[in-house]
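For reference, protein_17.tsv (TSV, N, CA, C and O atoms):
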chain	number	residue	atom	x	y	z
A	26	MET	N	3.77	12.67	-17.14
A	26	MET	CA	4.40	13.13	-18.36
A	26	MET	C	4.28	14.65	-18.41
A	26	MET	O	3.19	15.17	-18.45
A	27	ASN	N	5.36	15.32	-18.40
A	27	ASN	CA	5.36	16.78	-18.41
A	27	ASN	C	5.60	17.36	-19.79
A	27	ASN	O	5.66	18.57	-19.94
A	28	GLU	N	5.74	16.53	-20.80
A	28	GLU	CA	6.00	17.00	-22.15
A	28	GLU	C	4.68	17.13	-22.91
A	28	GLU	O	4.06	16.14	-23.25
A	29	ARG	N	4.29	18.35	-23.21
A	29	ARG	CA	3.04	18.57	-23.92
A	29	ARG	C	3.07	18.05	-25.35
A	29	ARG	O	2.04	17.78	-25.94
A	30	ASN	N	4.25	17.90	-25.92
A	30	ASN	CA	4.37	17.45	-27.31
A	30	ASN	C	4.93	16.03	-27.42
A	30	ASN	O	5.49	15.66	-28.43
A	31	HIS	N	4.76	15.23	-26.38
A	31	HIS	CA	5.28	13.86	-26.40
A	31	HIS	C	4.58	13.05	-27.48
A	31	HIS	O	3.39	13.21	-27.73
A	32	LYS	N	5.31	12.13	-28.15
A	32	LYS	CA	4.76	11.37	-29.27
A	32	LYS	C	3.64	10.41	-28.87
A	32	LYS	O	2.86	9.98	-29.72
A	33	LEU	N	3.54	10.04	-27.58
A	33	LEU	CA	2.47	9.16	-27.15
A	33	LEU	C	1.14	9.89	-26.92
A	33	LEU	O	0.10	9.24	-26.78
A	34	LEU	N	1.16	11.20	-26.86
A	34	LEU	CA	-0.07	11.98	-26.66
A	34	LEU	C	-0.71	12.27	-28.01
A	34	LEU	O	-0.10	12.87	-28.88
A	35	ARG	N	-1.96	11.79	-28.15
A	35	ARG	CA	-2.70	12.00	-29.39
A	35	ARG	C	-4.11	12.44	-29.05
A	35	ARG	O	-4.62	12.11	-27.98
A	36	PRO	N	-4.79	13.15	-29.94
A	36	PRO	CA	-6.19	13.54	-29.69
A	36	PRO	C	-7.08	12.31	-29.53
A	36	PRO	O	-6.86	11.27	-30.13
A	37	ASN	N	-8.08	12.41	-28.68
A	37	ASN	CA	-9.07	11.37	-28.43
A	37	ASN	C	-8.48	10.07	-27.89
A	37	ASN	O	-9.05	9.00	-28.06
A	38	LEU	N	-7.35	10.15	-27.24
A	38	LEU	CA	-6.73	8.97	-26.63
A	38	LEU	C	-7.48	8.64	-25.35
A	38	LEU	O	-7.76	9.50	-24.53
A	39	LYS	N	-7.85	7.35	-25.17
A	39	LYS	CA	-8.59	6.92	-23.99
A	39	LYS	C	-7.74	5.97	-23.17
A	39	LYS	O	-6.97	5.17	-23.72
A	40	VAL	N	-7.89	6.02	-21.86
A	40	VAL	CA	-7.17	5.14	-20.95
A	40	VAL	C	-8.14	4.62	-19.89
A	40	VAL	O	-9.15	5.25	-19.60
A	41	GLU	N	-7.82	3.46	-19.34
A	41	GLU	CA	-8.59	2.93	-18.21
A	41	GLU	C	-7.88	3.34	-16.93
A	41	GLU	O	-6.66	3.25	-16.84
A	42	VAL	N	-8.65	3.77	-15.95
A	42	VAL	CA	-8.09	4.19	-14.67
A	42	VAL	C	-8.77	3.38	-13.57
A	42	VAL	O	-9.99	3.28	-13.51
A	43	PHE	N	-7.96	2.76	-12.72
A	43	PHE	CA	-8.47	2.02	-11.58
A	43	PHE	C	-8.04	2.75	-10.32
A	43	PHE	O	-6.85	2.88	-10.05
A	44	LEU	N	-9.00	3.25	-9.56
A	44	LEU	CA	-8.70	4.01	-8.35
A	44	LEU	C	-8.56	3.08	-7.15
A	44	LEU	O	-9.36	2.17	-6.96
A	45	VAL	N	-7.57	3.33	-6.34
A	45	VAL	CA	-7.40	2.61	-5.08
A	45	VAL	C	-8.05	3.46	-4.00
A	45	VAL	O	-7.62	4.56	-3.73
A	46	THR	N	-9.12	2.90	-3.39
A	46	THR	CA	-9.86	3.67	-2.39
A	46	THR	C	-9.61	3.18	-0.97
A	46	THR	O	-10.00	3.82	-0.02
A	47	ALA	N	-8.96	2.01	-0.84
A	47	ALA	CA	-8.65	1.46	0.48
A	47	ALA	C	-7.51	0.46	0.33
A	47	ALA	O	-7.32	-0.12	-0.74
A	48	THR	N	-6.77	0.27	1.40
A	48	THR	CA	-5.71	-0.73	1.41
A	48	THR	C	-5.74	-1.48	2.73
A	48	THR	O	-6.32	-1.00	3.71
A	49	GLY	N	-5.12	-2.63	2.76
A	49	GLY	CA	-5.03	-3.41	3.99
A	49	GLY	C	-3.73	-4.20	3.99
A	49	GLY	O	-3.13	-4.43	2.95
A	50	SER	N	-3.30	-4.59	5.18
A	50	SER	CA	-2.10	-5.41	5.27
A	50	SER	C	-2.43	-6.65	6.10
A	50	SER	O	-3.35	-6.65	6.91
A	51	ASN	N	-1.68	-7.71	5.86
A	51	ASN	CA	-1.88	-8.98	6.55
A	51	ASN	C	-3.32	-9.47	6.43
A	51	ASN	O	-3.95	-9.83	7.42
A	52	VAL	N	-3.84	-9.48	5.21
A	52	VAL	CA	-5.20	-9.96	4.96
A	52	VAL	C	-5.13	-11.26	4.17
A	52	VAL	O	-4.14	-11.56	3.51
A	53	VAL	N	-6.20	-12.05	4.26
A	53	VAL	CA	-6.33	-13.25	3.43
A	53	VAL	C	-7.16	-12.85	2.23
A	53	VAL	O	-8.27	-12.35	2.37
A	54	ARG	N	-6.59	-13.07	1.03
A	54	ARG	CA	-7.32	-12.74	-0.18
A	54	ARG	C	-7.27	-13.92	-1.12
A	54	ARG	O	-6.33	-14.71	-1.11
A	55	VAL	N	-8.33	-14.06	-1.90
A	55	VAL	CA	-8.41	-15.13	-2.89
A	55	VAL	C	-8.86	-14.51	-4.20
A	55	VAL	O	-9.37	-13.39	-4.24
A	56	ALA	N	-8.67	-15.26	-5.28
A	56	ALA	CA	-9.10	-14.79	-6.59
A	56	ALA	C	-10.61	-14.58	-6.59
A	56	ALA	O	-11.36	-15.38	-6.02
A	57	ASN	N	-11.05	-13.50	-7.19
A	57	ASN	CA	-12.48	-13.22	-7.29
A	57	ASN	C	-13.10	-14.21	-8.27
A	57	ASN	O	-12.46	-14.63	-9.22
A	58	GLY	N	-14.33	-14.58	-8.02
A	58	GLY	CA	-15.01	-15.52	-8.91
A	58	GLY	C	-16.50	-15.54	-8.65
A	58	GLY	O	-17.01	-14.80	-7.79
A	59	PRO	N	-17.22	-16.39	-9.36
A	59	PRO	CA	-18.68	-16.46	-9.23
A	59	PRO	C	-19.17	-16.83	-7.83
A	59	PRO	O	-20.33	-16.59	-7.51
A	60	ALA	N	-18.31	-17.38	-6.99
A	60	ALA	CA	-18.72	-17.77	-5.64
A	60	ALA	C	-19.03	-16.56	-4.77
A	60	ALA	O	-19.73	-16.68	-3.77
A	61	PHE	N	-18.53	-15.39	-5.14
A	61	PHE	CA	-18.66	-14.21	-4.29
A	61	PHE	C	-19.72	-13.28	-4.85
A	61	PHE	O	-19.71	-12.93	-6.03
A	62	SER	N	-20.64	-12.87	-3.96
A	62	SER	CA	-21.79	-12.08	-4.42
A	62	SER	C	-21.92	-10.76	-3.66
A	62	SER	O	-23.00	-10.34	-3.33
A	63	GLY	N	-20.81	-10.11	-3.39
A	63	GLY	CA	-20.89	-8.81	-2.75
A	63	GLY	C	-20.33	-8.81	-1.35
A	63	GLY	O	-19.68	-9.75	-0.91
A	64	LEU	N	-20.62	-7.73	-0.63
A	64	LEU	CA	-20.10	-7.55	0.73
A	64	LEU	C	-20.97	-8.27	1.74
A	64	LEU	O	-22.06	-8.72	1.44
A	65	GLY	N	-20.47	-8.32	2.96
A	65	GLY	CA	-21.23	-8.91	4.05
A	65	GLY	C	-20.86	-10.34	4.30
A	65	GLY	O	-19.82	-10.83	3.90
A	66	SER	N	-21.76	-11.04	4.96
A	66	SER	CA	-21.54	-12.43	5.34
A	66	SER	C	-22.11	-13.35	4.26
A	66	SER	O	-23.20	-13.10	3.75
A	67	GLN	N	-21.37	-14.40	3.92
A	67	GLN	CA	-21.89	-15.36	2.97
A	67	GLN	C	-21.21	-16.71	3.16
A	67	GLN	O	-20.16	-16.80	3.80
A	68	ASP	N	-21.82	-17.75	2.62
A	68	ASP	CA	-21.26	-19.09	2.69
A	68	ASP	C	-20.35	-19.33	1.50
A	68	ASP	O	-20.69	-18.97	0.36
A	69	ILE	N	-19.18	-19.93	1.77
A	69	ILE	CA	-18.27	-20.35	0.73
A	69	ILE	C	-17.88	-21.79	1.02
A	69	ILE	O	-18.24	-22.34	2.07
A	70	PHE	N	-17.15	-22.42	0.11
A	70	PHE	CA	-16.68	-23.77	0.30
A	70	PHE	C	-15.16	-23.79	0.29
A	70	PHE	O	-14.54	-23.18	-0.57
A	71	VAL	N	-14.58	-24.51	1.26
A	71	VAL	CA	-13.14	-24.65	1.40
A	71	VAL	C	-12.83	-26.14	1.38
A	71	VAL	O	-13.52	-26.93	2.03
A	72	LEU	N	-11.78	-26.53	0.63
A	72	LEU	CA	-11.39	-27.94	0.61
A	72	LEU	C	-10.70	-28.30	1.91
A	72	LEU	O	-9.77	-27.63	2.34
A	73	SER	N	-11.20	-29.36	2.54
A	73	SER	CA	-10.63	-29.84	3.79
A	73	SER	C	-10.62	-31.37	3.76
A	73	SER	O	-11.70	-31.98	3.66
A	74	ASN	N	-9.44	-31.97	3.80
A	74	ASN	CA	-9.30	-33.44	3.75
A	74	ASN	C	-10.00	-34.04	2.53
A	74	ASN	O	-10.67	-35.06	2.62
A	75	GLY	N	-9.89	-33.37	1.38
A	75	GLY	CA	-10.46	-33.89	0.15
A	75	GLY	C	-11.95	-33.67	-0.03
A	75	GLY	O	-12.53	-34.11	-1.01
A	76	LYS	N	-12.59	-32.97	0.90
A	76	LYS	CA	-14.03	-32.69	0.81
A	76	LYS	C	-14.26	-31.20	0.87
A	76	LYS	O	-13.52	-30.46	1.52
A	77	ALA	N	-15.34	-30.75	0.23
A	77	ALA	CA	-15.72	-29.34	0.28
A	77	ALA	C	-16.49	-29.07	1.56
A	77	ALA	O	-17.52	-29.71	1.82
A	78	GLU	N	-15.99	-28.18	2.37
A	78	GLU	CA	-16.59	-27.83	3.66
A	78	GLU	C	-17.20	-26.43	3.57
A	78	GLU	O	-16.53	-25.48	3.19
A	79	ARG	N	-18.48	-26.31	3.93
A	79	ARG	CA	-19.15	-24.99	3.89
A	79	ARG	C	-18.72	-24.18	5.11
A	79	ARG	O	-18.72	-24.67	6.23
A	80	ARG	N	-18.37	-22.91	4.85
A	80	ARG	CA	-18.02	-21.99	5.94
A	80	ARG	C	-18.66	-20.63	5.70
A	80	ARG	O	-18.77	-20.18	4.57
A	81	LYS	N	-19.09	-20.00	6.77
A	81	LYS	CA	-19.63	-18.64	6.68
A	81	LYS	C	-18.48	-17.67	6.92
A	81	LYS	O	-17.76	-17.79	7.91
A	82	VAL	N	-18.27	-16.75	5.98
A	82	VAL	CA	-17.18	-15.78	6.08
A	82	VAL	C	-17.70	-14.37	5.90
A	82	VAL	O	-18.78	-14.15	5.35
A	83	GLN	N	-16.94	-13.43	6.41
A	83	GLN	CA	-17.19	-12.00	6.18
A	83	GLN	C	-16.34	-11.57	4.99
A	83	GLN	O	-15.14	-11.81	4.97
A	84	ILE	N	-16.97	-10.95	4.01
A	84	ILE	CA	-16.26	-10.45	2.84
A	84	ILE	C	-15.80	-9.03	3.14
A	84	ILE	O	-16.57	-8.20	3.63
A	85	GLY	N	-14.54	-8.76	2.85
A	85	GLY	CA	-13.98	-7.43	3.07
A	85	GLY	C	-13.88	-6.68	1.76
A	85	GLY	O	-14.79	-6.68	0.94
A	86	MET	N	-12.72	-6.09	1.54
A	86	MET	CA	-12.50	-5.31	0.32
A	86	MET	C	-12.47	-6.23	-0.89
A	86	MET	O	-12.04	-7.37	-0.81
A	87	THR	N	-12.97	-5.73	-2.02
A	87	THR	CA	-12.96	-6.50	-3.26
A	87	THR	C	-12.53	-5.60	-4.41
A	87	THR	O	-12.63	-4.38	-4.34
A	88	ASN	N	-12.04	-6.24	-5.47
A	88	ASN	CA	-11.83	-5.56	-6.74
A	88	ASN	C	-12.10	-6.58	-7.84
A	88	ASN	O	-12.63	-7.65	-7.57
A	89	PHE	N	-11.76	-6.28	-9.06
A	89	PHE	CA	-12.05	-7.21	-10.15
A	89	PHE	C	-11.28	-8.52	-10.00
A	89	PHE	O	-11.74	-9.56	-10.43
A	90	ASP	N	-10.12	-8.47	-9.36
A	90	ASP	CA	-9.24	-9.64	-9.31
A	90	ASP	C	-9.28	-10.42	-7.99
A	90	ASP	O	-9.13	-11.64	-8.00
A	91	PHE	N	-9.48	-9.73	-6.86
A	91	PHE	CA	-9.35	-10.39	-5.56
A	91	PHE	C	-10.49	-10.03	-4.61
A	91	PHE	O	-11.13	-9.00	-4.74
A	92	VAL	N	-10.70	-10.92	-3.61
A	92	VAL	CA	-11.69	-10.74	-2.56
A	92	VAL	C	-10.99	-10.98	-1.23
A	92	VAL	O	-10.26	-11.96	-1.07
A	93	GLU	N	-11.20	-10.08	-0.27
A	93	GLU	CA	-10.64	-10.26	1.07
A	93	GLU	C	-11.61	-11.08	1.90
A	93	GLU	O	-12.81	-10.79	1.95
A	94	LEU	N	-11.10	-12.12	2.57
A	94	LEU	CA	-11.91	-12.94	3.47
A	94	LEU	C	-11.46	-12.62	4.89
A	94	LEU	O	-10.31	-12.86	5.26
A	95	LYS	N	-12.37	-12.08	5.71
A	95	LYS	CA	-12.00	-11.55	7.02
A	95	LYS	C	-11.91	-12.61	8.12
A	95	LYS	O	-11.27	-12.38	9.13
A	96	ASN	N	-12.58	-13.75	7.96
A	96	ASN	CA	-12.56	-14.75	9.03
A	96	ASN	C	-12.82	-16.15	8.47
A	96	ASN	O	-13.23	-16.30	7.32
A	97	ASN	N	-12.56	-17.16	9.29
A	97	ASN	CA	-12.84	-18.57	9.00
A	97	ASN	C	-12.07	-19.16	7.82
A	97	ASN	O	-12.42	-20.24	7.35
A	98	VAL	N	-11.06	-18.47	7.33
A	98	VAL	CA	-10.17	-19.01	6.30
A	98	VAL	C	-8.75	-18.64	6.67
A	98	VAL	O	-8.48	-17.49	7.02
A	99	LYS	N	-7.86	-19.64	6.60
A	99	LYS	CA	-6.46	-19.41	6.94
A	99	LYS	C	-5.63	-19.35	5.66
A	99	LYS	O	-5.99	-19.97	4.65
A	100	PRO	N	-4.50	-18.66	5.71
A	100	PRO	CA	-3.61	-18.64	4.53
A	100	PRO	C	-3.21	-20.07	4.15
A	100	PRO	O	-2.94	-20.90	5.00
A	101	GLY	N	-3.24	-20.35	2.85
A	101	GLY	CA	-2.86	-21.67	2.36
A	101	GLY	C	-4.03	-22.60	2.12
A	101	GLY	O	-3.89	-23.61	1.42
A	102	GLU	N	-5.20	-22.31	2.70
A	102	GLU	CA	-6.37	-23.16	2.45
A	102	GLU	C	-6.88	-22.92	1.03
A	102	GLU	O	-6.75	-21.84	0.49
A	103	VAL	N	-7.49	-23.96	0.46
A	103	VAL	CA	-8.01	-23.87	-0.91
A	103	VAL	C	-9.49	-23.50	-0.86
A	103	VAL	O	-10.31	-24.24	-0.33
A	104	VAL	N	-9.81	-22.35	-1.44
A	104	VAL	CA	-11.19	-21.85	-1.49
A	104	VAL	C	-11.75	-22.11	-2.88
A	104	VAL	O	-11.09	-21.83	-3.88
A	105	ILE	N	-12.95	-22.64	-2.94
A	105	ILE	CA	-13.61	-22.90	-4.23
A	105	ILE	C	-14.27	-21.59	-4.67
A	105	ILE	O	-15.14	-21.07	-3.98
A	106	THR	N	-13.84	-21.08	-5.83
A	106	THR	CA	-14.34	-19.80	-6.30
A	106	THR	C	-15.43	-19.97	-7.37
A	106	THR	O	-15.97	-18.99	-7.85
A	107	SER	N	-15.77	-21.21	-7.72
A	107	SER	CA	-16.86	-21.46	-8.66
A	107	SER	C	-18.19	-21.25	-7.97
A	107	SER	O	-18.28	-21.30	-6.74
A	108	ASP	N	-19.25	-21.09	-8.74
A	108	ASP	CA	-20.59	-20.92	-8.18
A	108	ASP	C	-21.05	-22.24	-7.57
A	108	ASP	O	-21.26	-23.22	-8.28
A	109	MET	N	-21.21	-22.27	-6.27
A	109	MET	CA	-21.63	-23.49	-5.55
A	109	MET	C	-23.00	-23.28	-4.92
A	109	MET	O	-23.37	-23.99	-3.98
A	110	SER	N	-23.79	-22.33	-5.41
A	110	SER	CA	-25.07	-21.99	-4.79
A	110	SER	C	-26.06	-23.15	-4.80
A	110	SER	O	-26.95	-23.21	-3.98
A	111	GLU	N	-25.91	-24.09	-5.71
A	111	GLU	CA	-26.82	-25.25	-5.75
A	111	GLU	C	-26.55	-26.22	-4.61
A	111	GLU	O	-27.38	-27.08	-4.31
A	112	PHE	N	-25.43	-26.10	-3.94
A	112	PHE	CA	-25.06	-27.02	-2.88
A	112	PHE	C	-25.26	-26.38	-1.54
A	112	PHE	O	-24.95	-26.79	-0.54
Please rewrite the model in this file as structure tokens.
Amino acid sequence: MNERNHKLLRPNLKVEVFLVTATGSNVVRVANGPAFSGLGSQDIFVLSNGKAERRKVQIGMTNFDFVELKNNVKPGEVVITSDMSEF
């Protein structure tokens, strides 16, 4: 916005800013949820033939909405994003 007197500009106006610090292409990503606990290697559960199958995956880039899974998950597979730590 190059207009210093634009009607949307008001004193003490606050905005949320989300910075993009990295990008990737051709990655497998799933919705972020309680199942994911940070970067590195971790166990997740994937539905296979009606049963939850434990798999160890490498976690890649994350944000509030999505998590990149670097290995052991193919596009189209159903990943359980609920907290399954008791299992």
Quiz item: Neighbours of stretch 68-78 of chain A within 7 Å (only N, CA, C and O atoms; same-chain residues fewer than 5 positions away dropped), as number ranges by chain?
Solution: A: 60-61, 102-106
Practice problem: Quote the spacing between atom CA of A:Lys39 and atom C of A:Asn27 in Å to one decimal place. | Solution: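 Going from atom CA of A:Lys39 over to atom C of A:Asn27, I get 18.1 Å.
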Quiz item: Quick one, how far is atom CA of A:Arg80 from atom CA of A:Ser66?
Solution: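 One can read the atom CA of A:Arg80 to atom CA of A:Ser66 distance as 10.2 Å.
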Self-check item: Closest of A:Lys81, A:Pro36, A:Glu111, A:Phe43 to A:Asn96 - atom-to-atom distances counting all atoms listed in the file
Solution: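 Of A:Lys81, A:Pro36, A:Glu111, A:Phe43, the one nearest A:Asn96, counting all atoms listed in the file, is A:Lys81.
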Self-check item: Among listed residues A:Leu33, A:Met86, A:Val92, A:Val45, nearest A:Asn57 (using only N, CA, C and O atoms)
Solution: A:Val92
Self-check item: Which residue of A:Asn37, A:Lys99, A:Phe91, A:Lys32 approaches A:Pro59 most closely, using only C-alpha atoms
Solution: A:Phe91
Quiz item: Where in chain A does DSSP assign strand (DSSP E or B), given as a PyMOL selection string?
Solution: chain A and resi 53-56+65-73+76-87+91-94+103-105
Quiz item: Could you state the separation of atom O of A:Val82 and atom CA of A:Val42 in Å, given to one decimal place?
Solution: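 Value for the atom O of A:Val82-atom CA of A:Val42 distance: 29.2 Å.
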Quiz item: What lies within 6 Å of A:Leu94 using all atoms listed in the file, ignoring chain neighbours under 4 positions off, as a list in words?
Solution: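 Near A:Leu94, the qualifying residues are Val52, Val53, Arg54, Val55, Gln83, Ile84, Gly85, Met86 and Val98 of chain A.
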Listed atoms of stretch 56-59 of chain A boxed along x, y and z, 8 Å each side, centre and edge lengths in Å, one decimal, as JSON:
{"center_x": -14.5, "center_y": -15.0, "center_z": -7.3, "size_x": 27.7, "size_y": 19.6, "size_z": 20.1}
